[in-house]
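Enquirer: Below you'll find the structure I mean.
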Amino acid sequence: MDRVSRLLNMAGVAAQDAILIHKPSNIYFLSGYSGEGLLLLTRDISAIITDFRYTEQAGQQAPSFQVYEISTGKSHIQVAADVLQQAGIHQLYYEDDHVTVVQFAAMGKAMPGMTFTPIKEKPEQLRKVKDESEIAVIRKACGISVQAFDYILTVITEGMTEREVQLKLDFKMLELGAEGLAFSTILASGENGSLPHAVPTSRRLQKGDLITLDFGAKYGGYCSDMTRTIALGQPSEEMRKVYDIVLQAQMAAQEALMPGKVCRDIDAIARDIITQAGYGKNFGHGLGHSVGIDIHEMPRLNQTCEEVVEPGIVITVEPGIYLPAIGGVRIENTCLVTENGAQSLVSAPRELIIL
Ligand SMILES: [Mn+2]
């Protein structure tokens, strides 16, 4: 069954109901259309509402959808209202996690008498388990990241700035076929490594630094995500020890990631190892997140997620330890959950690389 039909069934959409999709990643997932606009779905209508700039593109990317073009003085919502009125729709499902207050007010004004019902992230639930075509492009995106990582290892030298390394890494991913970056590359050296989401600076790499690189490519509309912490020369005794704890936590959690397990129990495996080593308070984020069209998708590996791991989920395993003013270590693989357990789509070694 196609994705639109699955969503209509999942949401329990009846003949007089419709779904209006605003979120770009949901529009792409449901239709293949990557431009701006809205997606309008009923039992009989699959339509894209867009403007002149994207009309031709919408027809090319989503040939089975009707394309409505807005005109001067007539907004996307007003066009949607006309279509819904003609179709006799009385109930409209909307993305309550995404639609703004302004958009919601415009919907109310343009559609008097309509019942508005939150869709409660059903499109996102549909996106959790990836199909073969999605896995193929995520695998390719991960392959681009790994190749760019192999390259950057040959480039990094003492005296380069974080920013210089970041630019070379980003350029390499684009050169290797990435359509864009999955997110802004994180590159943190020395004491900057204690910031989990550090922005690359003009700090120059020094002997003894640990360098954390967290980056991803976008390919076929899907993301990859990987982190490696490497050393430039011999790191301190303490950071070497911290690295080994993070590695142990990453390997144990990835090993345990398999169908039937509860997400928070996977988080606990890594967290317990880090806590028992005395660094529990220095691991202040969740263990991982799913990856797809968006870089952060459901389900999550964290202390509260009670969802059950299923085959076809693509999720990161990324424990870290951060010591303020000293430095940090994070190791991250994007993993595909199969019937037999987790398979890392990131083929780079996890053991400490010393340049
Ligand atoms: Mn990540």
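Identifiers in the structure tokens: chain A, B, ... in order shown; residue index from 1 per chain; ligand index from 1 in order shown.
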What lies within 7 Å of His76 (chain A) using only C-alpha atoms, ignoring chain neighbours under 5 positions off, as a list in words?
Expert: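 These residues fall inside the cut-off: Ile49, Thr50 and Ile70 of chain A.
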Enquirer: Residues within 10 Å of ligand 1, counting only C-alpha atoms and all ligand atoms: report them as number ranges by chain.
Expert: A: 183, 214-216, 224-227, 286-291, 295-296, 315-319, 330-334
Enquirer: May I have the selected residues written with N, CA and C atoms, as an mmCIF file, in the first residue's frame?
Expert:
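Result file again_4.cif:
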```cif
data_model
loop_
_atom_site.group_PDB
_atom_site.id
_atom_site.type_symbol
_atom_site.label_atom_id
_atom_site.label_comp_id
_atom_site.auth_asym_id
_atom_site.auth_seq_id
_atom_site.Cartn_x
_atom_site.Cartn_y
_atom_site.Cartn_z
ATOM 1 N N PHE A 183 23.376 18.440 8.739
ATOM 2 C CA PHE A 183 23.307 19.459 9.803
ATOM 3 C C PHE A 183 24.654 20.160 9.816
ATOM 4 N N ASP A 214 31.569 15.530 14.367
ATOM 5 C CA ASP A 214 30.190 15.025 14.312
ATOM 6 C C ASP A 214 29.559 15.645 13.080
ATOM 7 N N PHE A 215 29.212 14.799 12.101
ATOM 8 C CA PHE A 215 28.819 15.347 10.807
ATOM 9 C C PHE A 215 27.944 14.356 10.051
ATOM 10 N N GLY A 216 27.322 14.854 8.988
ATOM 11 C CA GLY A 216 26.469 13.974 8.192
ATOM 12 C C GLY A 216 26.221 14.554 6.819
ATOM 13 N N SER A 224 22.668 11.163 7.014
ATOM 14 C CA SER A 224 23.542 10.266 7.770
ATOM 15 C C SER A 224 24.048 11.045 8.975
ATOM 16 N N ASP A 225 24.550 10.322 9.959
ATOM 17 C CA ASP A 225 25.035 10.973 11.176
ATOM 18 C C ASP A 225 26.131 10.099 11.771
ATOM 19 N N MET A 226 27.320 10.643 11.937
ATOM 20 C CA MET A 226 28.402 9.893 12.580
ATOM 21 C C MET A 226 29.270 10.832 13.395
ATOM 22 N N THR A 227 29.850 10.293 14.453
ATOM 23 C CA THR A 227 30.815 11.044 15.254
ATOM 24 C C THR A 227 32.015 10.162 15.530
ATOM 25 N N GLY A 286 20.717 12.217 25.636
ATOM 26 C CA GLY A 286 20.219 10.877 25.327
ATOM 27 C C GLY A 286 21.241 10.088 24.529
ATOM 28 N N LEU A 287 21.045 8.770 24.483
ATOM 29 C CA LEU A 287 22.010 7.916 23.783
ATOM 30 C C LEU A 287 21.900 8.028 22.267
ATOM 31 N N GLY A 288 20.702 8.327 21.763
ATOM 32 C CA GLY A 288 20.586 8.386 20.306
ATOM 33 C C GLY A 288 19.207 8.792 19.828
ATOM 34 N N HIS A 289 19.108 8.948 18.521
ATOM 35 C CA HIS A 289 17.874 9.402 17.875
ATOM 36 C C HIS A 289 17.760 8.699 16.536
ATOM 37 N N SER A 290 16.544 8.543 16.057
ATOM 38 C CA SER A 290 16.363 7.974 14.727
ATOM 39 C C SER A 290 16.781 8.998 13.673
ATOM 40 N N VAL A 291 17.110 8.484 12.505
ATOM 41 C CA VAL A 291 17.603 9.312 11.408
ATOM 42 C C VAL A 291 16.794 8.969 10.157
ATOM 43 N N ILE A 295 17.057 14.888 10.573
ATOM 44 C CA ILE A 295 18.209 14.348 11.315
ATOM 45 C C ILE A 295 17.778 13.774 12.669
ATOM 46 N N HIS A 296 16.718 14.309 13.241
ATOM 47 C CA HIS A 296 16.214 13.776 14.512
ATOM 48 C C HIS A 296 14.782 13.289 14.320
ATOM 49 N N ILE A 315 18.787 4.242 13.674
ATOM 50 C CA ILE A 315 18.926 5.039 14.899
ATOM 51 C C ILE A 315 20.395 5.156 15.299
ATOM 52 N N THR A 316 20.752 6.272 15.902
ATOM 53 C CA THR A 316 22.145 6.453 16.295
ATOM 54 C C THR A 316 22.383 5.921 17.704
ATOM 55 N N VAL A 317 23.624 5.494 17.921
ATOM 56 C CA VAL A 317 24.090 5.111 19.266
ATOM 57 C C VAL A 317 25.308 5.981 19.529
ATOM 58 N N GLU A 318 25.168 6.979 20.410
ATOM 59 C CA GLU A 318 26.202 8.006 20.541
ATOM 60 C C GLU A 318 26.420 8.488 21.975
ATOM 61 N N PRO A 319 27.004 7.621 22.799
ATOM 62 C CA PRO A 319 27.339 8.080 24.149
ATOM 63 C C PRO A 319 28.504 9.078 24.109
ATOM 64 N N ARG A 330 33.014 11.633 22.112
ATOM 65 C CA ARG A 330 31.739 11.047 21.695
ATOM 66 C C ARG A 330 32.041 10.112 20.523
ATOM 67 N N ILE A 331 31.370 8.973 20.513
ATOM 68 C CA ILE A 331 31.495 8.015 19.409
ATOM 69 C C ILE A 331 30.078 7.678 18.965
ATOM 70 N N GLU A 332 29.804 7.831 17.661
ATOM 71 C CA GLU A 332 28.436 7.659 17.160
ATOM 72 C C GLU A 332 28.392 6.849 15.878
ATOM 73 N N ASN A 333 27.576 5.810 15.902
ATOM 74 C CA ASN A 333 27.237 5.089 14.686
ATOM 75 C C ASN A 333 25.757 5.266 14.398
ATOM 76 N N THR A 334 25.402 5.393 13.118
ATOM 77 C CA THR A 334 24.010 5.270 12.693
ATOM 78 C C THR A 334 23.789 3.798 12.397
#
```
Enquirer: Between CA of Leu355 (chain A) and CA of Ile156 (chain A), what is the distance in Å, rounded to a tenth?
Expert: 8.1 Å
Enquirer: Leaving out Ala252 (chain A) and any residue of its chain fewer than 5 positions from it, which residues lie within 12 Å of it when counting only C-alpha atoms, given as an MDAnalysis selection string?
Expert: chainID A and resid 245:247 257:258 265:274 287 317:319 342
Enquirer: Could you tell me which of A:Glu162, A:Asp51, A:Glu56, A:Glu132 comes closest to Thr72 (chain A) if we count only C-alpha atoms?
Expert: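 The answer is A:Asp51, which sits nearest to Thr72 (chain A).
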Enquirer: When you look at Ala110 (chain A) with a cut-off of 7 Å (counting only C-alpha atoms), what residues show up, excluding the ones that are within fewer than 3 positions of it in the same chain? I need them as a PyMOL selection string.
Expert: chain A and resi 77-78+81+106-107
Enquirer: With only C-alpha atoms as the counted atoms, please give the residues lying no more than 12 Å from Glu134 (chain A), apart from itself and same-chain residues fewer than 5 positions off, as a ChimeraX atom specification.
Expert: /A:29,32,127-129,139-141,219-224,291-293,312-314,336
Enquirer: Got time to write the residues from that selection, N, CA and C atoms, as a tab-separated table (two decimals), in the first residue's frame?
Expert:
```tsv
chain	number	residue	atom	x	y	z
A	29	PHE	N	8.07	12.81	2.29
A	29	PHE	CA	7.85	11.38	2.55
A	29	PHE	C	6.59	10.88	1.83
A	32	GLY	N	7.07	12.74	-2.43
A	32	GLY	CA	8.31	12.86	-3.20
A	32	GLY	C	8.60	14.28	-3.64
A	127	ARG	N	6.85	7.09	9.55
A	127	ARG	CA	8.23	7.25	9.06
A	127	ARG	C	9.25	6.48	9.89
A	128	LYS	N	8.81	5.91	11.01
A	128	LYS	CA	9.77	5.25	11.92
A	128	LYS	C	10.47	4.07	11.27
A	129	VAL	N	9.71	3.16	10.71
A	129	VAL	CA	10.30	1.97	10.09
A	129	VAL	C	10.57	2.29	8.63
A	139	ARG	N	22.04	4.42	3.60
A	139	ARG	CA	23.32	3.70	3.49
A	139	ARG	C	24.32	4.48	2.64
A	140	LYS	N	23.81	5.03	1.54
A	140	LYS	CA	24.67	5.81	0.65
A	140	LYS	C	25.15	7.10	1.36
A	141	ALA	N	24.25	7.76	2.07
A	141	ALA	CA	24.62	8.97	2.81
A	141	ALA	C	25.69	8.65	3.86
A	219	TYR	N	21.57	12.72	1.25
A	219	TYR	CA	21.57	12.07	-0.05
A	219	TYR	C	20.18	11.49	-0.31
A	220	GLY	N	19.63	11.76	-1.49
A	220	GLY	CA	18.28	11.26	-1.80
A	220	GLY	C	17.25	11.76	-0.81
A	221	GLY	N	17.53	12.93	-0.21
A	221	GLY	CA	16.60	13.51	0.76
A	221	GLY	C	16.75	12.97	2.18
A	222	TYR	N	17.71	12.04	2.38
A	222	TYR	CA	17.88	11.40	3.69
A	222	TYR	C	19.25	11.73	4.29
A	223	CYS	N	19.33	11.63	5.62
A	223	CYS	CA	20.52	12.05	6.36
A	223	CYS	C	21.39	10.87	6.80
A	224	SER	N	22.67	11.16	7.01
A	224	SER	CA	23.54	10.27	7.77
A	224	SER	C	24.05	11.04	8.97
A	291	VAL	N	17.11	8.48	12.50
A	291	VAL	CA	17.60	9.31	11.41
A	291	VAL	C	16.79	8.97	10.16
A	292	GLY	N	16.43	10.00	9.40
A	292	GLY	CA	15.69	9.75	8.15
A	292	GLY	C	15.74	10.99	7.30
A	293	ILE	N	14.58	11.47	6.85
A	293	ILE	CA	14.52	12.72	6.09
A	293	ILE	C	14.98	13.85	7.02
A	312	GLY	N	14.03	-2.29	10.87
A	312	GLY	CA	13.77	-1.21	9.92
A	312	GLY	C	13.94	0.17	10.53
A	313	ILE	N	14.13	0.22	11.86
A	313	ILE	CA	14.44	1.51	12.49
A	313	ILE	C	15.91	1.82	12.22
A	314	VAL	N	16.19	3.07	11.90
A	314	VAL	CA	17.58	3.52	11.70
A	314	VAL	C	17.84	4.55	12.79
A	336	LEU	N	21.24	0.37	11.55
A	336	LEU	CA	20.00	-0.21	11.03
A	336	LEU	C	19.63	-1.39	11.92
```
Enquirer: DSSP on the backbone: which residues in region 66-142 of chain A end up as alpha helix (DSSP H)? Give the answer as a ChimeraX atom specification.
Expert: /A:76-87,101-110,122-126,132-142
Enquirer: Lys207 (chain A): which residues within 7 Å, counting only C-alpha atoms, same-chain residues fewer than 5 positions away excluded, as a PyMOL selection string?
Expert: chain A and resi 158+232-233
Enquirer: Restricting the calculation to only C-alpha atoms: of A:Tyr68, A:Ile45, A:Ile89, A:Pro259, which residue gets closest to Gln16 (chain A)?
Expert: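 Closest residue, counting only C-alpha atoms: A:Ile89.
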Enquirer: Just the residues within 8 Å of Pro24 (chain A), please, counting only C-alpha atoms, with nothing from its chain fewer than 2 positions along; format it as a list in words.
Expert: His22, Asn26, Ile27, Tyr28, Ser34, Gly35 and Glu36 of chain A
Enquirer: Write out, as a PDB file, in the first residue's frame, the residues just selected, with C-alpha atoms.
Expert:
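Final output, result-v4.pdb:
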```pdb
ATOM      1  CA  HIS A  22       2.529  21.597   6.305  1.00  0.00           C
ATOM      2  CA  ASN A  26       6.203  14.847   5.741  1.00  0.00           C
ATOM      3  CA  ILE A  27       5.349  16.307   2.342  1.00  0.00           C
ATOM      4  CA  TYR A  28       8.509  14.746   0.908  1.00  0.00           C
ATOM      5  CA  SER A  34      10.653  18.652  -2.117  1.00  0.00           C
ATOM      6  CA  GLY A  35       9.522  22.227  -2.789  1.00  0.00           C
ATOM      7  CA  GLU A  36       7.422  24.612  -0.726  1.00  0.00           C
TER       8      GLU A  36
END
```
